[in-house]
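> Dumping the structure here so I can ask a few things about it.
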Amino acid sequence: MSGTATSNTGLLGLYTAMRRIRTFEERVGELFVRGESAGSMLHLSIGEESAAVGVSAVMKVGDTFTTHHRGHGIFLARGADPKRMMAEIAGKETGYCRGKGGSMHIADMGLGHLGANAIVGGGIPAVVGAALAAKRKGTGAVSVAFFGDGAMQQGILYESMNMAALWGLPAVFVCINNQWGMGTRIDQATRATDLHARARAFGLQGETVDGRDVRDVQAAAARIVDGARAGTPGFLAVDCYRFFGHARKDKSPYRTEVEEAEGRARDPLSFARDALAEAGEDPGTLGAIDDAAAAEMDATIDFAIASEEPSLGSMFRDVFAPGAPEPEPVEARIDRVLARS
Amino acid sequence: METLTYREALRRALYDAMQDDPDVFVIGEEVGRYGGAYGVTKGLIDAFGHERLLDTPISEPGIVGTAVGAAMAGMRPVAELMYVDFIGMTMDQLCNQAAKIRYMFGGQIGVPMVLRTQGGTGRSAGAQHSQSLEAYIMHTPGLRLAMPATVADAYHLLRQALRQPDPVVFIEHKALYAQSAEVDLAAPVPDWGQSAVRRSGTDLVIVTYSRQLHYALEAADALAADGIEAAVVDLRTLNPLDFDTIRPLIEASGRAMVVSEGPLTAGVAAELAARIGEECFDFLENPVLRVAGEDIPISVSTGLEAGSVPSPASIADAARRLTA
Amino acid sequence: MSGVLTLPRLGETMEEGRVVTWLVAPGEAYKRGDALLEVETDKTIVEVPALGDGELTEILVPEGAQVRVGDPLARLSGAADAAAAPAPKPHAMPLAPPGSAVPLREEAPPARAGRHDKVRATPLARRLARDAGLDICDIPGSGRRGRIERGDVECMTQVGESGPLAHSLSGPENGTPVLLLHGFAGDRSVWSAISAGLVRAGRRILAPDLPGHGTTGTEATIPEDLSTGLSRLVSDTLAARPHVVAHSLGAVPATALAAAGKATSLTLIAPAGLGLRIDATFVQGLAAARLPGEVAHLLDRMTEAPLPLSSDALADIAETLSRGRLSTLAAALVGATGQTVSLRAELARLAEKIPVRILAPHRDQILDWADMVTVSPRIAVHHLPGAGHMAAWDAPTEVLEILCHATES
């Protein structure tokens, strides 16, 4: 089932998208090492780029989605500005969420990103609601939940898939199965490792695809997403491998070097690059793509570092809608109380 | 003027809101064909169809999570949680998602949903169906919290809740559904976030909400017979919390009691008492009393159940001792 | 009960006490007034005196044991009724300490430093005192456990609008009205404890500073001056004719008011004007006193127990008295042979029209209690065998009970 639907030009585009993600995340790692990252919890999706790019490639403008704590790649694939992403990860005012969300709570309504989520499975039911709204309003949009294999063991996934199937909603559930939920391998978390079978049991269209070839992912995603758009919600598991630890500081002592070497050998970027070379793509073109990604992502770090910190006063903003009184700062309250007594 | 029950007033509010706004829909367990476990949504499915009275599986987190997503996508969901006791099931969707989305995402979007539920004692429903868990909600920044005590407020607070740009948890009291009153729904009501002084009095101020309002009023009548005049304030919403109405009353009387059905410790009454202590310190003649539920689970035995929460007699007794 | 000594309530808030020392051994005889044992209350250590002659037959409670009020302490023989006299001063405000705005607290701290730490006062009372420039320590508390409340502060600060007499009003507006008149060198603050008790019993209380006293500006140079403005104050502030309660010299304006038909009843505590005999040096001394030591010796005569005043408090009283405001009045009150005012005939006449009561403290060193019991058979006399001139100091519970009864509508 190699990417028959994708031309060479198409693969080049997919490769470019994946390269931008990988370079971005490498720079995120650098930001952390340089002490400029606002969050101590940086979860990199290096090795999982094909899932983000392959599924995003079949989504349309107006579609909505939620992601998990390892969702930088998905957002970039859906068109995010990497500068604003990096600024958000650095906790700066110029970030997508003005420094309040960070790596795990990034969102952009303009791009249909209903939010990254730091609760495993937490963002899944929102796509049911969004799909419900899309169906009621007749927008033709689908809503896609991206999550990891850890969420496969969360009850909320099954509530959500059940309701989506029950009501025939344009909802898609994408499990990026990087084999590891933090330090627990999928086969240490469940005996039912045939993940798509669970979705089928609820009446969803379900598939599992090997993430090594992004064209395969794209093709499978097309079937699932198109089916959802037509009223049959779907599930797609993308098999891949988490190259690094759970978070930036995690050196993965719980898994063997042999396993890591085997997993990294399934690198979707190398696979795509090899396929392009095999198909006669000019190495200079590929090098130029890589260089452009490096230059673009270097600039994101400069942008993030140069950006302003949010003002302290913004702390009390956006708890509620504009116009509502902001919460009274504790210090102001103390001042007021003591001034009266 | 017309005579309505608390339940009918809620239904009327839903009906009117759904008439006015096609984006309003009800989602929850047994809300459609069954008409709601307490009959609040009875008959609405005939008027609006099953797409707007969306019966769900028994999936509380999924219900709330779906409402969150629908609200973000431009709908005005009214999610119904059959009992507030089930709110623990939904805490992630409610407190980690709905409550924080506007803030985490830098103000890009709000979650204009209403979570209707009911709580409290009075039906011998036992430990898992009788709680007063409003403090959980009040403790979470980003959530609004309304608790209607009167028939008129059952209507107006729900209508007001459905106009809020942020998530509102709307907790009804199961013992009030059958209460009826003559109301003029066209008459003006306090704004959203305003408390109501339900009784005037200069000897002490009783601050309360939900069913305990009626108990407090009953207690106040008994106190009046003893020559003690208690003011009774119905908070109506716990978030926003209207302290401006309470402050001058307490400053005038020097005595305050907070009455809440929820458990005493770290409860709504504790928060109110702390605020009164801070803000009215120099006006207090007595410690601020918390009259609240006991720190115990609710029993199914009617005697134990009633004994677990404040009653008109216990409120009046505390007030007498406070003013002695 | 006969033959059993029980623990008396030795203060308004006392619920229990600890037996410290037995001062009389089993088999030992004692005379009326002898101290039988020492009891430690939450406030202090006090002696429990015998009310009559007798013999202690058996000790029921050992030293060191905790006892609740009313519990048996010992068996007695020869004692008709073994209840002991409530000897000690209550924490609550006594009836008539000379000098206004003076605290009479049991635990008088030795120095000004740290005084505020020990004062129980409501936040509202503290603020009102602060706003009025008063030291919270100088305000007697009438609330629970002697707590200083709003009314106590207002007692010190409020000046009535309806006339020249400073006064305070408290209690429910529809309560039975009671007028409280203080004695020589006192002011309305002396009524705090009694007033609070009466308010709790539903009374409406009016307590003025009489002319020449407290914060009232008008002076009194002759006894009749003490009535100036009183009648008008009563009609301006009270809805009905009050029950009139007076201590000592307050009996003079009280009787005048009653004679004018403006009293529902008259209750006099250790009243003046009933006989020649008076401790003239007390009256003249207070009018002339300048130094705290003099004041201490004089005030000591008003009570049976040790004087519960700190040196600060005594200094404050001395400072007030040294203004000399009372000297002319004092001279007019005491002539060459004794008291110059006689109320006996007027009281006898009044007793035919309204209820008149007299509280006669047998250990009064200022006036003679024997003079108080012979005015008229129509006057009810309450004997307070263990109490001195400041009967409400020495027998607070009894005095309050009698006043509650006397002022029932």
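Ordering of the structure tokens sets the chain letters (A, B, ...); residue numbers start at 1 within each chain; ligands are numbered from 1 in the order shown.
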Write out as a list in words which residues come within 8 Å of segment 30-40 of chain A when counting only C-alpha atoms, dropping same-chain ones fewer than 4 positions away.
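Listed by chain and then number, they are Glu26, Ile89, Ala90, Gly91, Gly102, Ser103, Ile301 and Ile305 of chain A.
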> Show me, as a ChimeraX atom specification, the residues of chain B whose atoms get within 6 Å of chain A, using only C-alpha atoms for the distance check.
/B:59,62,65-70,73,103-107,142,279
> Up to 7 Å from chain B, what residues of chain C turn up? Count only C-alpha atoms and give them as a list in words.
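Only these qualify: Thr122, Pro123, Leu124, Arg127, Glu149 and Arg200 of chain C.
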> Tell me, as a ChimeraX atom specification, which residues lie within 7 Å of Arg277 of chain C, counting only C-alpha atoms; anything in the same chain fewer than 3 positions away does not count.
/C:338-339,367-368
> From the options C:Lys353, C:Arg9, C:His213, C:Arg144, which residue's atoms come nearest to Arg325 of chain C, counting only C-alpha atoms?
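Using only C-alpha atoms, the shortest distance to Arg325 of chain C belongs to C:His213.
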> So that I can see what lies close to segment 235-250 of chain C, please list as JSON, numbers by chain the residues with an atom at most 7 Å from it, counting only C-alpha atoms and leaving out residues fewer than 3 positions away in the same chain.
{"C": [162, 177, 178, 179, 180, 181, 182, 183, 184, 231, 232, 253, 254, 262, 263, 264, 265, 266, 267, 268, 269, 270, 271, 272, 407]}
> Please provide the set of residues having any atom within 9 Å of segment 306-315 of chain B, restricted to only C-alpha atoms, with same-chain residues fewer than 3 positions apart removed, written as a PyMOL selection string.
chain B and resi 121-122+124+212+214-220+222+257+259-263+291-299+301-303+318-320
> Using only N, CA and C atoms, please write the residues we just selected to a file, as a short mmCIF file (atom, residue, chain, number, x, y, z; two decimals), in the first residue's frame.

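Output (part_5.cif):
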```cif
data_model
loop_
_atom_site.label_atom_id
_atom_site.label_comp_id
_atom_site.auth_asym_id
_atom_site.auth_seq_id
_atom_site.Cartn_x
_atom_site.Cartn_y
_atom_site.Cartn_z
N THR B 121 -29.88 17.54 50.20
CA THR B 121 -30.60 16.46 50.88
C THR B 121 -32.11 16.65 50.72
N GLY B 122 -32.85 15.73 51.29
CA GLY B 122 -34.29 15.92 51.33
C GLY B 122 -35.07 14.83 50.63
N SER B 124 -33.93 11.47 50.88
CA SER B 124 -33.47 10.20 51.42
C SER B 124 -32.72 9.41 50.33
N GLN B 212 -31.30 26.48 51.82
CA GLN B 212 -31.12 27.02 53.16
C GLN B 212 -31.70 28.43 53.28
N HIS B 214 -34.69 29.20 52.51
CA HIS B 214 -36.03 29.02 53.08
C HIS B 214 -35.94 28.67 54.57
N TYR B 215 -34.96 27.86 54.90
CA TYR B 215 -34.77 27.54 56.31
C TYR B 215 -34.39 28.79 57.10
N ALA B 216 -33.54 29.60 56.51
CA ALA B 216 -33.10 30.81 57.20
C ALA B 216 -34.27 31.78 57.39
N LEU B 217 -35.13 31.86 56.38
CA LEU B 217 -36.29 32.75 56.50
C LEU B 217 -37.24 32.25 57.59
N GLU B 218 -37.40 30.93 57.62
CA GLU B 218 -38.25 30.35 58.65
C GLU B 218 -37.65 30.64 60.04
N ALA B 219 -36.36 30.46 60.13
CA ALA B 219 -35.68 30.76 61.40
C ALA B 219 -35.84 32.23 61.76
N ALA B 220 -35.75 33.08 60.76
CA ALA B 220 -35.85 34.52 61.03
C ALA B 220 -37.24 34.88 61.56
N ALA B 222 -39.09 32.89 63.36
CA ALA B 222 -39.09 32.45 64.77
C ALA B 222 -38.30 33.42 65.63
N MET B 257 -23.86 35.35 60.32
CA MET B 257 -23.88 33.89 60.30
C MET B 257 -23.94 33.49 58.84
N VAL B 259 -24.94 30.36 56.41
CA VAL B 259 -25.64 29.08 56.46
C VAL B 259 -25.48 28.38 55.12
N SER B 260 -24.98 27.15 55.19
CA SER B 260 -24.75 26.38 53.98
C SER B 260 -25.04 24.91 54.27
N GLU B 261 -25.61 24.25 53.26
CA GLU B 261 -25.90 22.83 53.45
C GLU B 261 -24.65 21.98 53.27
N GLY B 262 -23.65 22.51 52.56
CA GLY B 262 -22.42 21.76 52.31
C GLY B 262 -21.64 21.53 53.59
N PRO B 263 -20.75 20.54 53.58
CA PRO B 263 -19.97 20.25 54.79
C PRO B 263 -19.18 21.47 55.27
N VAL B 291 -22.91 27.98 60.08
CA VAL B 291 -23.90 26.94 60.34
C VAL B 291 -23.95 26.14 59.05
N ALA B 292 -23.41 24.93 59.11
CA ALA B 292 -23.22 24.19 57.86
C ALA B 292 -23.51 22.72 58.07
N GLY B 293 -23.38 21.96 57.00
CA GLY B 293 -23.56 20.52 57.10
C GLY B 293 -22.47 19.93 57.98
N GLU B 294 -22.83 18.81 58.60
CA GLU B 294 -21.83 18.12 59.41
C GLU B 294 -20.75 17.54 58.49
N ASP B 295 -19.57 17.32 59.06
CA ASP B 295 -18.48 16.73 58.27
C ASP B 295 -18.63 15.21 58.21
N ILE B 296 -19.74 14.79 57.68
CA ILE B 296 -20.03 13.35 57.59
C ILE B 296 -20.77 13.09 56.28
N PRO B 297 -20.72 11.85 55.78
CA PRO B 297 -21.56 11.53 54.62
C PRO B 297 -23.04 11.59 55.01
N ILE B 298 -23.88 11.72 53.99
CA ILE B 298 -25.32 11.81 54.23
C ILE B 298 -25.90 10.39 54.30
N SER B 299 -26.74 10.15 55.28
CA SER B 299 -27.36 8.84 55.44
C SER B 299 -28.68 8.75 54.69
N SER B 301 -31.26 7.16 56.07
CA SER B 301 -32.26 7.33 57.13
C SER B 301 -32.70 8.79 57.14
N THR B 302 -34.00 9.01 57.12
CA THR B 302 -34.47 10.40 57.03
C THR B 302 -34.06 11.21 58.25
N GLY B 303 -34.05 10.54 59.40
CA GLY B 303 -33.65 11.25 60.61
C GLY B 303 -32.19 11.65 60.56
N ALA B 318 -28.73 28.87 66.76
CA ALA B 318 -27.41 29.51 66.65
C ALA B 318 -27.55 31.02 66.69
N ALA B 319 -28.59 31.53 66.04
CA ALA B 319 -28.79 32.99 66.01
C ALA B 319 -29.10 33.52 67.41
N ARG B 320 -29.90 32.78 68.13
CA ARG B 320 -30.23 33.24 69.49
C ARG B 320 -28.98 33.30 70.34
#
```
> Please extract the residues of segment 74-314 of chain A with a backbone DSSP assignment of strand (DSSP E or B) and present them as a ChimeraX atom specification.
/A:108,113,143-148,171-177,180-181,184-185,205-210,234-239
> Compare C:Thr328, C:Thr57, C:Gln66, C:Thr218 by their minimum atom-to-atom distance to Glu15 of chain C, counting only C-alpha atoms, and give me the closest one.
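Between C:Thr328, C:Thr57, C:Gln66, C:Thr218, the residue approaching Glu15 of chain C most closely is C:Gln66.
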> List every residue of segment 207-292 of chain A that DSSP, applied to the backbone of this structure, assigns to alpha helix (DSSP H), and report them as a PyMOL selection string.
chain A and resi 214-229+257-264+268-278+283-292
> Just the residues within 12 Å of Val151 of chain B, please, counting only C-alpha atoms, with nothing from its chain fewer than 3 positions along; format it as an MDAnalysis selection string.
chainID B and resid 2:13 147:148 154:158 172:173 176:185 189 210:211 214 236
> Could you pull the residues within 10 Å of Ala331 of chain C, counting only C-alpha atoms, minus those fewer than 3 positions along the same chain, as an mmCIF file with N, CA and C atoms, in the first residue's frame?

```cif
data_model
loop_
_atom_site.group_PDB
_atom_site.id
_atom_site.type_symbol
_atom_site.label_atom_id
_atom_site.label_comp_id
_atom_site.auth_asym_id
_atom_site.auth_seq_id
_atom_site.Cartn_x
_atom_site.Cartn_y
_atom_site.Cartn_z
ATOM 1 N N THR C 221 -24.127 71.504 92.955
ATOM 2 C CA THR C 221 -23.513 72.029 94.174
ATOM 3 C C THR C 221 -24.349 71.703 95.397
ATOM 4 N N ILE C 222 -25.638 71.458 95.208
ATOM 5 C CA ILE C 222 -26.501 71.019 96.306
ATOM 6 C C ILE C 222 -27.213 69.744 95.860
ATOM 7 N N ALA C 280 -18.304 60.174 106.988
ATOM 8 C CA ALA C 280 -18.068 61.500 106.424
ATOM 9 C C ALA C 280 -16.691 61.585 105.784
ATOM 10 N N VAL C 283 -16.838 60.559 102.105
ATOM 11 C CA VAL C 283 -17.377 61.539 101.163
ATOM 12 C C VAL C 283 -16.419 62.708 100.987
ATOM 13 N N GLN C 284 -15.997 63.249 102.108
ATOM 14 C CA GLN C 284 -15.098 64.403 102.019
ATOM 15 C C GLN C 284 -13.756 64.005 101.422
ATOM 16 N N ALA C 287 -13.937 63.755 97.712
ATOM 17 C CA ALA C 287 -14.016 65.079 97.112
ATOM 18 C C ALA C 287 -12.663 65.774 97.131
ATOM 19 N N LEU C 326 -16.406 67.831 92.886
ATOM 20 C CA LEU C 326 -17.405 67.360 93.842
ATOM 21 C C LEU C 326 -17.324 68.036 95.205
ATOM 22 N N SER C 327 -16.385 68.952 95.362
ATOM 23 C CA SER C 327 -16.125 69.431 96.728
ATOM 24 C C SER C 327 -17.314 70.192 97.320
ATOM 25 N N THR C 328 -17.973 71.042 96.543
ATOM 26 C CA THR C 328 -19.105 71.810 97.065
ATOM 27 C C THR C 328 -20.272 70.886 97.410
ATOM 28 N N VAL C 334 -22.885 66.476 103.808
ATOM 29 C CA VAL C 334 -22.540 66.058 105.167
ATOM 30 C C VAL C 334 -22.417 67.297 106.055
ATOM 31 N N GLY C 335 -23.308 67.364 107.029
ATOM 32 C CA GLY C 335 -23.258 68.481 107.955
ATOM 33 C C GLY C 335 -22.458 68.126 109.205
ATOM 34 N N ALA C 336 -22.631 68.930 110.222
ATOM 35 C CA ALA C 336 -21.863 68.728 111.447
ATOM 36 C C ALA C 336 -22.214 67.409 112.125
ATOM 37 N N THR C 340 -27.307 65.366 105.531
ATOM 38 C CA THR C 340 -28.198 66.527 105.540
ATOM 39 C C THR C 340 -29.512 66.253 104.830
#
```
